[in-house]
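Here's my_file31.tsv, which has TSV, C-alpha atoms:
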chain	number	residue	atom	x	y	z
A	1	ASP	CA	103.49	128.92	99.93
A	2	SER	CA	106.96	127.38	99.87
A	3	GLY	CA	107.45	127.79	96.12
A	4	VAL	CA	107.71	124.03	95.61
A	5	THR	CA	104.92	122.58	93.49
A	6	GLN	CA	103.75	119.00	93.29
A	7	THR	CA	101.25	117.37	90.99
A	8	PRO	CA	98.86	115.75	91.27
A	9	LYS	CA	97.50	116.56	94.72
A	10	HIS	CA	95.60	113.30	94.96
A	11	LEU	CA	96.00	110.02	93.13
A	12	ILE	CA	93.85	106.94	93.46
A	13	THR	CA	94.92	103.80	91.70
A	14	ALA	CA	94.81	100.02	91.95
A	15	THR	CA	97.34	97.47	93.06
A	16	GLY	CA	99.82	96.49	90.40
A	17	GLN	CA	99.61	99.82	88.62
A	18	ARG	CA	102.32	102.40	87.97
A	19	VAL	CA	102.13	106.12	88.74
A	20	THR	CA	104.34	109.16	88.30
A	21	LEU	CA	104.54	112.01	90.78
A	22	ARG	CA	105.94	115.33	89.65
A	23	CYS	CA	107.78	118.04	91.53
A	24	SER	CA	109.03	121.48	90.54
A	25	PRO	CA	111.57	122.97	92.96
A	26	ARG	CA	111.76	126.58	94.08
A	27	SER	CA	113.37	128.90	91.60
A	28	GLY	CA	117.13	128.68	92.01
A	29	ASP	CA	117.13	125.46	94.02
A	30	LEU	CA	119.27	122.68	92.59
A	31	SER	CA	118.51	119.88	95.04
A	32	VAL	CA	115.31	117.87	95.15
A	33	TYR	CA	114.46	115.40	97.88
A	34	TRP	CA	111.63	112.86	98.02
A	35	TYR	CA	110.05	111.69	101.27
A	36	GLN	CA	107.29	109.24	102.10
A	37	GLN	CA	104.92	109.74	105.02
A	38	SER	CA	102.57	106.91	105.84
A	39	LEU	CA	99.51	107.55	107.99
A	40	ASP	CA	100.48	109.00	111.37
A	41	GLN	CA	104.13	108.27	110.71
A	42	GLY	CA	107.21	110.41	110.45
A	43	LEU	CA	108.92	111.22	107.20
A	44	GLN	CA	111.07	108.62	105.52
A	45	PHE	CA	113.74	109.88	103.16
A	46	LEU	CA	113.64	108.20	99.77
A	47	ILE	CA	116.14	109.86	97.46
A	48	GLN	CA	117.96	113.11	96.65
A	49	TYR	CA	118.99	114.63	93.34
A	50	TYR	CA	121.34	117.53	92.84
A	51	ASN	CA	121.49	119.28	89.49
A	52	GLY	CA	120.34	116.19	87.64
A	53	GLU	CA	122.48	113.64	89.45
A	54	GLU	CA	121.44	111.20	92.13
A	55	ARG	CA	123.20	112.15	95.38
A	56	ALA	CA	121.78	109.92	98.04
A	57	LYS	CA	119.39	107.05	98.51
A	58	GLY	CA	117.39	106.26	101.57
A	59	ASN	CA	114.75	103.63	102.15
A	60	ILE	CA	113.61	103.54	98.56
A	61	LEU	CA	112.16	100.30	97.23
A	62	GLU	CA	113.44	98.80	93.99
A	63	ARG	CA	109.91	99.27	92.57
A	64	PHE	CA	110.42	103.02	92.96
A	65	SER	CA	112.66	105.19	90.84
A	66	ALA	CA	113.22	108.87	90.33
A	67	GLN	CA	114.98	111.29	88.06
A	68	GLN	CA	115.70	114.99	87.81
A	69	PHE	CA	115.47	116.61	84.43
A	70	PRO	CA	117.61	119.41	82.90
A	71	ASP	CA	114.97	121.99	83.87
A	72	LEU	CA	115.41	120.66	87.45
A	73	HIS	CA	111.92	119.29	87.87
A	74	SER	CA	111.82	115.78	89.26
A	75	GLU	CA	109.59	112.76	88.88
A	76	LEU	CA	109.10	109.86	91.25
A	77	ASN	CA	107.91	106.69	89.57
A	78	LEU	CA	106.15	104.04	91.62
A	79	SER	CA	105.43	100.69	89.97
A	80	SER	CA	103.79	97.38	90.89
A	81	LEU	CA	101.91	99.31	93.53
A	82	GLU	CA	100.88	97.60	96.74
A	83	LEU	CA	98.34	98.62	99.37
A	84	GLY	CA	101.19	99.57	101.68
A	85	ASP	CA	102.41	102.19	99.25
A	86	SER	CA	99.43	104.36	100.16
A	87	ALA	CA	101.00	107.44	101.71
A	88	LEU	CA	101.69	111.12	101.37
A	89	TYR	CA	104.70	111.74	99.15
A	90	PHE	CA	106.57	114.96	99.69
A	91	CYS	CA	109.07	116.67	97.52
A	92	ALA	CA	111.44	119.22	99.05
A	93	SER	CA	114.04	121.45	97.49
A	94	SER	CA	117.10	123.32	98.67
A	95	VAL	CA	119.64	125.66	97.16
A	96	GLY	CA	122.69	123.44	97.32
A	97	ARG	CA	123.60	119.85	97.85
A	98	VAL	CA	124.64	119.91	101.46
A	99	ASN	CA	122.25	118.85	104.11
A	100	THR	CA	122.65	122.01	106.14
A	101	ASP	CA	120.64	123.94	103.59
A	102	THR	CA	117.04	124.52	104.55
A	103	GLN	CA	114.67	122.21	102.74
A	104	TYR	CA	111.36	123.68	101.62
A	105	PHE	CA	108.54	121.23	101.19
A	106	GLY	CA	105.84	121.03	98.58
A	107	PRO	CA	102.19	120.37	99.50
A	108	GLY	CA	102.55	116.65	98.89
A	109	THR	CA	100.80	114.09	96.72
A	110	ARG	CA	98.38	111.81	98.51
A	111	LEU	CA	98.51	108.37	96.93
A	112	THR	CA	95.77	105.86	97.65
A	113	VAL	CA	96.22	102.32	96.38
A	114	LEU	CA	93.01	100.26	96.37
B	115	ALA	CA	124.24	106.69	114.51
B	116	GLN	CA	122.53	110.02	114.28
B	117	THR	CA	119.13	110.13	115.92
B	118	VAL	CA	116.42	112.62	116.81
B	119	THR	CA	114.09	111.92	119.71
B	120	GLN	CA	110.83	113.64	120.52
B	121	SER	CA	109.64	112.17	123.77
B	122	GLN	CA	106.21	113.83	123.89
B	123	PRO	CA	103.80	112.14	121.44
B	124	GLU	CA	100.95	114.50	122.35
B	125	MET	CA	100.54	117.77	124.20
B	126	SER	CA	97.80	120.28	124.74
B	127	VAL	CA	97.83	123.90	125.77
B	128	GLN	CA	95.22	126.54	126.44
B	129	GLU	CA	94.92	129.37	123.99
B	130	ALA	CA	97.22	132.31	124.89
B	131	GLU	CA	99.40	130.11	127.11
B	132	THR	CA	103.00	129.05	126.51
B	133	VAL	CA	104.09	125.52	125.65
B	134	THR	CA	107.48	123.90	125.17
B	135	LEU	CA	108.11	120.92	122.90
B	136	SER	CA	111.18	118.81	123.56
B	137	CYS	CA	113.72	117.42	121.13
B	138	THR	CA	117.04	115.71	121.73
B	139	TYR	CA	119.49	114.52	119.16
B	140	ASP	CA	122.68	112.58	118.91
B	141	THR	CA	125.58	113.25	116.58
B	142	SER	CA	129.33	113.38	116.55
B	143	GLU	CA	129.35	116.11	113.92
B	144	ASN	CA	130.24	119.71	114.72
B	145	ASN	CA	128.65	121.39	111.73
B	146	TYR	CA	124.93	120.82	111.77
B	147	TYR	CA	121.62	122.59	111.67
B	148	LEU	CA	118.42	121.95	113.56
B	149	PHE	CA	114.91	122.64	112.36
B	150	TRP	CA	111.37	122.60	113.60
B	151	TYR	CA	108.67	121.91	111.05
B	152	LYS	CA	104.94	122.23	111.59
B	153	GLN	CA	102.43	119.97	109.88
B	154	PRO	CA	98.86	121.24	110.33
B	155	PRO	CA	95.81	119.13	109.43
B	156	SER	CA	96.33	120.14	105.80
B	157	ARG	CA	99.55	118.04	106.08
B	158	GLN	CA	101.70	120.69	104.46
B	159	MET	CA	105.20	120.75	105.99
B	160	ILE	CA	105.98	124.29	107.06
B	161	LEU	CA	109.35	125.45	108.34
B	162	VAL	CA	108.93	127.10	111.73
B	163	ILE	CA	112.47	127.87	112.81
B	164	ARG	CA	116.09	126.97	112.11
B	165	GLN	CA	119.17	126.99	114.35
B	166	GLU	CA	122.79	126.78	113.31
B	167	ALA	CA	124.85	124.73	115.75
B	168	TYR	CA	127.76	127.16	115.64
B	169	LYS	CA	125.57	130.01	116.88
B	170	GLN	CA	125.19	130.36	120.61
B	171	GLN	CA	122.26	132.72	120.31
B	172	ASN	CA	118.90	131.00	120.30
B	173	ALA	CA	116.81	131.51	117.17
B	174	THR	CA	113.48	133.31	117.41
B	175	GLU	CA	110.67	133.83	114.92
B	176	ASN	CA	107.83	135.93	116.30
B	177	ARG	CA	106.05	133.77	118.89
B	178	PHE	CA	108.38	130.82	118.30
B	179	SER	CA	111.75	130.48	119.96
B	180	VAL	CA	114.17	127.69	120.68
B	181	ASN	CA	116.27	126.73	123.66
B	182	PHE	CA	119.40	125.23	122.12
B	183	GLN	CA	121.66	123.45	124.56
B	184	LYS	CA	124.55	122.12	122.47
B	185	ALA	CA	126.36	120.26	125.24
B	186	ALA	CA	123.15	118.52	126.25
B	187	LYS	CA	122.16	117.99	122.60
B	188	SER	CA	118.78	119.47	123.30
B	189	PHE	CA	116.68	121.65	121.02
B	190	SER	CA	113.30	122.57	122.45
B	191	LEU	CA	110.67	124.76	120.82
B	192	LYS	CA	108.75	127.33	122.84
B	193	ILE	CA	105.48	128.66	121.50
B	194	SER	CA	104.26	131.79	123.28
B	195	ASP	CA	100.71	133.14	123.21
B	196	SER	CA	99.46	129.90	121.64
B	197	GLN	CA	96.81	130.28	118.98
B	198	LEU	CA	94.25	127.83	117.65
B	199	GLY	CA	96.12	127.84	114.35
B	200	ASP	CA	99.15	126.38	116.10
B	201	THR	CA	97.32	123.06	116.37
B	202	ALA	CA	99.51	120.73	114.35
B	203	MET	CA	102.09	117.98	114.41
B	204	TYR	CA	105.54	119.38	115.11
B	205	PHE	CA	108.65	117.63	113.82
B	206	CYS	CA	112.18	118.27	114.95
B	207	ALA	CA	114.78	117.62	112.23
B	208	PHE	CA	118.52	117.59	112.00
B	209	GLY	CA	120.84	117.98	109.07
B	210	THR	CA	124.61	117.75	108.76
B	211	SER	CA	126.99	118.29	105.93
B	212	GLY	CA	128.06	114.67	106.32
B	213	THR	CA	124.72	113.16	105.36
B	214	TYR	CA	122.35	113.95	102.57
B	215	LYS	CA	119.05	113.55	104.34
B	216	TYR	CA	117.32	115.24	107.18
B	217	ILE	CA	116.75	113.02	110.16
B	218	PHE	CA	113.29	113.62	111.54
B	219	GLY	CA	111.89	112.89	114.97
B	220	THR	CA	108.61	111.04	115.31
B	221	GLY	CA	106.69	114.22	115.99
B	222	THR	CA	104.66	115.81	118.77
B	223	ARG	CA	100.96	116.35	118.19
B	224	LEU	CA	100.01	119.71	119.72
B	225	LYS	CA	96.42	120.69	120.34
B	226	VAL	CA	95.59	124.26	121.30
B	227	LEU	CA	92.38	124.42	123.31
B	228	ALA	CA	89.93	127.33	123.17
File written out as structure tokens:
Amino acid sequence: DSGVTQTPKHLITATGQRVTLRCSPRSGDLSVYWYQQSLDQGLQFLIQYYNGEERAKGNILERFSAQQFPDLHSELNLSSLELGDSALYFCASSVGRVNTDTQYFGPGTRLTVL
Amino acid sequence: AQTVTQSQPEMSVQEAETVTLSCTYDTSENNYYLFWYKQPPSRQMILVIRQEAYKQQNATENRFSVNFQKAAKSFSLKISDSQLGDTAMYFCAFGTSGTYKYIFGTGTRLKVLA
């Protein structure tokens, strides 16, 4: 158990819908990262937050947005969902904001868009 | 550009034998860290081992060890006494203080055979 929690574990929805994925980092960690892993693919970095502020953006679509709240939990919002958005979405957390810190991953949320 | 290459898409090993997974990377940075993550069928991302680039000594964690060759930009993972539970996808990852995301390789699928 990494200490990072993600809810829900599974999500099934229809095209055009909007969903919210939630992540709680490990106690003491200030950075939260979001990654997308499509079937049999590697991990694609989406976005990073540090202590409530956006720090870096990766290959995140305009239909996707995220935020980190004062209690440091983070939410990833996916809207106008398409079939291709079906994937495993991971949240990771680390102590600081630099990329040399070890990132600990949550169990992931499996999103299925029908 | 910073890249991570895992040239072995799939490997298999007999139980109790030793196997080595390859990873090469490219960077002009001096301060960086390298990681191996394991993703079993449950798809949880589990940190296996971490290596700081400034350390000459190779990292070890129980049956897992690395062969870090900084000049060659090589970072291979050796699994000794392979167990059935080692069956998983293994990802090599790289992080520097100059970027905010981990760069992941495409993964090596390892199957341990009984």
Residues of chain A within 9 Å of chain B, counting only C-alpha atoms - could you list those as an mmCIF file with C-alpha atoms, keeping the file's coordinate frame?
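Okay, part_20.cif is ready:
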data_model
loop_
_atom_site.group_PDB
_atom_site.id
_atom_site.type_symbol
_atom_site.label_atom_id
_atom_site.label_comp_id
_atom_site.auth_asym_id
_atom_site.auth_seq_id
_atom_site.Cartn_x
_atom_site.Cartn_y
_atom_site.Cartn_z
ATOM 1 C CA ASP A 1 103.490 128.920 99.930
ATOM 2 C CA SER A 2 106.960 127.380 99.870
ATOM 3 C CA TYR A 33 114.460 115.400 97.880
ATOM 4 C CA GLN A 41 104.130 108.270 110.710
ATOM 5 C CA GLY A 42 107.210 110.410 110.450
ATOM 6 C CA LEU A 43 108.920 111.220 107.200
ATOM 7 C CA GLN A 44 111.070 108.620 105.520
ATOM 8 C CA PHE A 45 113.740 109.880 103.160
ATOM 9 C CA LEU A 46 113.640 108.200 99.770
ATOM 10 C CA ILE A 47 116.140 109.860 97.460
ATOM 11 C CA GLN A 48 117.960 113.110 96.650
ATOM 12 C CA ARG A 55 123.200 112.150 95.380
ATOM 13 C CA ALA A 56 121.780 109.920 98.040
ATOM 14 C CA LYS A 57 119.390 107.050 98.510
ATOM 15 C CA GLY A 58 117.390 106.260 101.570
ATOM 16 C CA LEU A 88 101.690 111.120 101.370
ATOM 17 C CA PHE A 90 106.570 114.960 99.690
ATOM 18 C CA ARG A 97 123.600 119.850 97.850
ATOM 19 C CA VAL A 98 124.640 119.910 101.460
ATOM 20 C CA ASN A 99 122.250 118.850 104.110
ATOM 21 C CA THR A 100 122.650 122.010 106.140
ATOM 22 C CA ASP A 101 120.640 123.940 103.590
ATOM 23 C CA THR A 102 117.040 124.520 104.550
ATOM 24 C CA GLN A 103 114.670 122.210 102.740
ATOM 25 C CA TYR A 104 111.360 123.680 101.620
ATOM 26 C CA PHE A 105 108.540 121.230 101.190
ATOM 27 C CA GLY A 106 105.840 121.030 98.580
ATOM 28 C CA PRO A 107 102.190 120.370 99.500
ATOM 29 C CA GLY A 108 102.550 116.650 98.890
#
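Atom CA of Val95 of chain A is positioned 17.4 Å from atom CA of Ile163 of chain B.
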Item to check | Point (112.2, 121.2, 95.4) neighbourhood (6 Å, all atoms listed in the file) written as a PyMOL selection string | outcome: chain A and resi 4+24-26+32+91-93
Next on the checklist: Need the shell around segment 7-13 of chain A: protein/DNA/RNA residues with any atom at most 9 Å away, counting only C-alpha atoms. Skip same-chain ones fewer than 6 positions apart. Format as a list in words?
Outcome noted: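 The residues satisfying every condition are Val19, Leu21, Arg22, Cys23, Ser24, Leu81, Pro107, Gly108, Thr109, Arg110, Leu111, Thr112, Val113 and Leu114 of chain A.
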Checklist entry - How many Å lie between atom CA of Glu124 of chain B and atom CA of Lys225 of chain B, rounded to one decimal? => result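 Atom CA of Lys225 of chain B lies 7.9 Å from atom CA of Glu124 of chain B.
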Item to check | Pairwise distance for atom CA of Leu224 of chain B and atom CA of Asp140 of chain B, rounded to one decimal in Å | outcome: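 Computing the Euclidean distance for atom CA of Leu224 of chain B and atom CA of Asp140 of chain B yields 23.8 Å.
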Item to check | Leu78 of chain A environment, 8 Å, all atoms listed in the file, sequence neighbours closer than 4 positions dropped, as a ChimeraX atom specification | outcome: /A:18-20,63-65
Item to check | Which of B:Lys184, B:Asn172, B:Ser190, B:Asp200 sits closest to Trp150 of chain B [using only C-alpha atoms] | outcome: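 Answer, going by the shortest atom-to-atom distance: B:Ser190.
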Item to check | Residues near Ser179 of chain B, cut-off 9 Å, all atoms listed in the file, skip fewer than 4 positions along chain, as a PyMOL selection string | outcome: chain B and resi 163+172-175+190-194
Per-axis box centre and lengths in Å around segment 20-23 of chain A, 8 Å margin per side, axis-aligned, as lines of an AutoDock Vina configuration file:
center_x = 106.1
center_y = 113.6
center_z = 89.9
size_x = 19.4
size_y = 24.9
size_z = 19.2
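For the set A:Pro70, A:Tyr50, A:Asp85, A:Gln37, the residue with the smallest atom-to-atom gap to Gln153 of chain B is A:Gln37, counting only C-alpha atoms.
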Provide segment 142-172 of chain B rebuilt to N, CA and C atoms, formatted as a short mmCIF file (atom, residue, chain, number, x, y, z; two decimals), in the frame of the given file.
data_model
loop_
_atom_site.label_atom_id
_atom_site.label_comp_id
_atom_site.auth_asym_id
_atom_site.auth_seq_id
_atom_site.Cartn_x
_atom_site.Cartn_y
_atom_site.Cartn_z
N SER B 142 127.94 113.09 116.26
CA SER B 142 129.33 113.38 116.55
C SER B 142 129.85 114.51 115.67
N GLU B 143 128.97 115.02 114.81
CA GLU B 143 129.35 116.11 113.92
C GLU B 143 129.42 117.43 114.68
N ASN B 144 130.19 118.36 114.14
CA ASN B 144 130.24 119.71 114.72
C ASN B 144 129.43 120.71 113.91
N ASN B 145 129.36 120.47 112.60
CA ASN B 145 128.65 121.39 111.73
C ASN B 145 127.28 120.82 111.40
N TYR B 146 126.27 121.32 112.04
CA TYR B 146 124.93 120.82 111.77
C TYR B 146 123.90 121.92 112.02
N TYR B 147 122.73 121.66 111.52
CA TYR B 147 121.62 122.59 111.67
C TYR B 147 120.43 121.83 112.23
N LEU B 148 119.63 122.53 112.97
CA LEU B 148 118.42 121.95 113.56
C LEU B 148 117.21 122.73 113.09
N PHE B 149 116.12 122.03 112.91
CA PHE B 149 114.91 122.64 112.36
C PHE B 149 113.68 122.16 113.14
N TRP B 150 112.70 123.02 113.20
CA TRP B 150 111.37 122.60 113.60
C TRP B 150 110.43 122.85 112.42
N TYR B 151 109.68 121.81 112.08
CA TYR B 151 108.67 121.91 111.05
C TYR B 151 107.31 121.68 111.68
N LYS B 152 106.33 122.36 111.14
CA LYS B 152 104.94 122.23 111.59
C LYS B 152 104.14 121.57 110.48
N GLN B 153 103.31 120.60 110.86
CA GLN B 153 102.43 119.97 109.88
C GLN B 153 100.99 120.07 110.38
N PRO B 154 100.26 121.08 109.91
CA PRO B 154 98.86 121.24 110.33
C PRO B 154 97.98 120.16 109.70
N PRO B 155 96.71 120.16 110.00
CA PRO B 155 95.81 119.13 109.43
C PRO B 155 95.84 119.07 107.90
N SER B 156 96.20 120.17 107.27
CA SER B 156 96.33 120.14 105.80
C SER B 156 97.49 119.25 105.35
N ARG B 157 98.39 118.92 106.29
CA ARG B 157 99.55 118.04 106.08
C ARG B 157 100.68 118.69 105.30
N GLN B 158 100.57 119.97 105.04
CA GLN B 158 101.70 120.69 104.46
C GLN B 158 102.82 120.77 105.49
N MET B 159 104.05 120.61 105.09
CA MET B 159 105.20 120.75 105.99
C MET B 159 105.70 122.19 105.91
N ILE B 160 105.65 122.88 107.03
CA ILE B 160 105.98 124.29 107.06
C ILE B 160 107.17 124.51 108.00
N LEU B 161 108.20 125.16 107.50
CA LEU B 161 109.35 125.45 108.34
C LEU B 161 108.97 126.49 109.38
N VAL B 162 109.23 126.17 110.64
CA VAL B 162 108.93 127.10 111.73
C VAL B 162 110.17 127.90 112.11
N ILE B 163 111.28 127.20 112.30
CA ILE B 163 112.47 127.87 112.81
C ILE B 163 113.69 127.00 112.52
N ARG B 164 114.84 127.66 112.43
CA ARG B 164 116.09 126.97 112.11
C ARG B 164 117.18 127.50 113.02
N GLN B 165 118.07 126.61 113.45
CA GLN B 165 119.17 126.99 114.35
C GLN B 165 120.47 126.42 113.82
N GLU B 166 121.47 127.26 113.68
CA GLU B 166 122.79 126.78 113.31
C GLU B 166 123.55 126.38 114.57
N ALA B 167 124.19 125.24 114.55
CA ALA B 167 124.85 124.73 115.75
C ALA B 167 126.00 125.61 116.20
N TYR B 168 126.60 126.34 115.27
CA TYR B 168 127.76 127.16 115.64
C TYR B 168 127.35 128.47 116.30
N LYS B 169 126.05 128.77 116.26
CA LYS B 169 125.57 130.01 116.88
C LYS B 169 125.10 129.74 118.30
N GLN B 170 125.60 130.52 119.22
CA GLN B 170 125.19 130.36 120.61
C GLN B 170 123.83 130.99 120.86
N GLN B 171 123.53 132.02 120.09
CA GLN B 171 122.26 132.72 120.31
C GLN B 171 121.11 131.86 119.83
N ASN B 172 120.08 131.76 120.66
CA ASN B 172 118.90 131.00 120.30
C ASN B 172 118.09 131.71 119.23
#
